[in-house]
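Reviewing the structure listed below.
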Amino acid sequence: MAAVAGAAIFVAVLLLPDGHERWTYLYGHQIVALASAAIVTTCAFGGAAPSEDWLASAPVEYAGRRSYAIYLWQLPVAYWLLDLPWQAQAAIAVPVTLLLAETSYWLIERPALRLKERLRAPALDRGSSLAAARA
């Protein structure tokens, strides 16, 4: 029930006509944070199978793997679109952010992770041979 209420709050906040009103800064961010906490707590500790299925779904897994890239790109994209009406901002920002995040994931993040694994492997070999030599 808490996750459903949290999701309903998210939808309500998204559908508000203007996110720059005074109440948004005074109370809106705290309300969204509490809704997030309700969703996360319910999914983590609720033990409900539907929440586990939802968390294992392809869109959620995709968002989790690309979350850092999405986080990095969303603000510059939003800034570039600042002069447009909010409806156009939303229609353009989401696909552009996802496209940039996907591109940077494949061109920067994945190669960096592979390099990290390659650099880590010799260090692990040295550690295991050092432990064998001590024994």
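Residues in the structure tokens are named by chain (A, B, ... in the order shown) and by number from 1 within that chain; ligands are numbered from 1 in the order shown.
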May I have the residues within 12 Å of A:Gly6 as a compact mmCIF listing (two decimals) with C-alpha atoms, in the first residue's frame, using only C-alpha atoms and disregarding those fewer than 5 positions away in the same chain?
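Generated output (selection.txt):
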```
# COMPACT_ATOMS: atom_id res chain seq x y z
CA MET A 1 0.00 0.00 0.00
CA VAL A 11 2.36 10.81 -10.73
CA ALA A 12 0.57 13.71 -9.05
CA VAL A 13 3.77 15.76 -8.81
CA ILE A 31 7.05 14.99 -0.20
CA VAL A 32 8.80 13.35 -3.16
CA ALA A 33 11.63 12.19 -0.85
CA LEU A 34 9.11 10.59 1.53
CA ALA A 35 7.31 8.95 -1.40
CA SER A 36 10.67 7.56 -2.58
CA ALA A 37 11.40 6.25 0.89
CA ALA A 38 7.99 4.56 1.02
CA ILE A 39 8.55 2.85 -2.33
CA VAL A 40 12.10 1.73 -1.52
CA THR A 41 11.19 0.52 1.97
CA THR A 42 8.20 -1.42 0.71
CA CYS A 43 10.20 -3.03 -2.08
```
> stretch 109-122 of chain A: which residues within 10 Å, counting only C-alpha atoms, same-chain residues fewer than 6 positions away excluded, as a list in words?
Replying inline: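 Listing them by chain and then by number gives Arg66, Tyr68, Ala69, Ala101, Glu102, Thr103 and Ser128 of chain A.
When atom CA of A:Ile9 is paired with atom CA of A:Trp54, their separation reads 18.3 Å.
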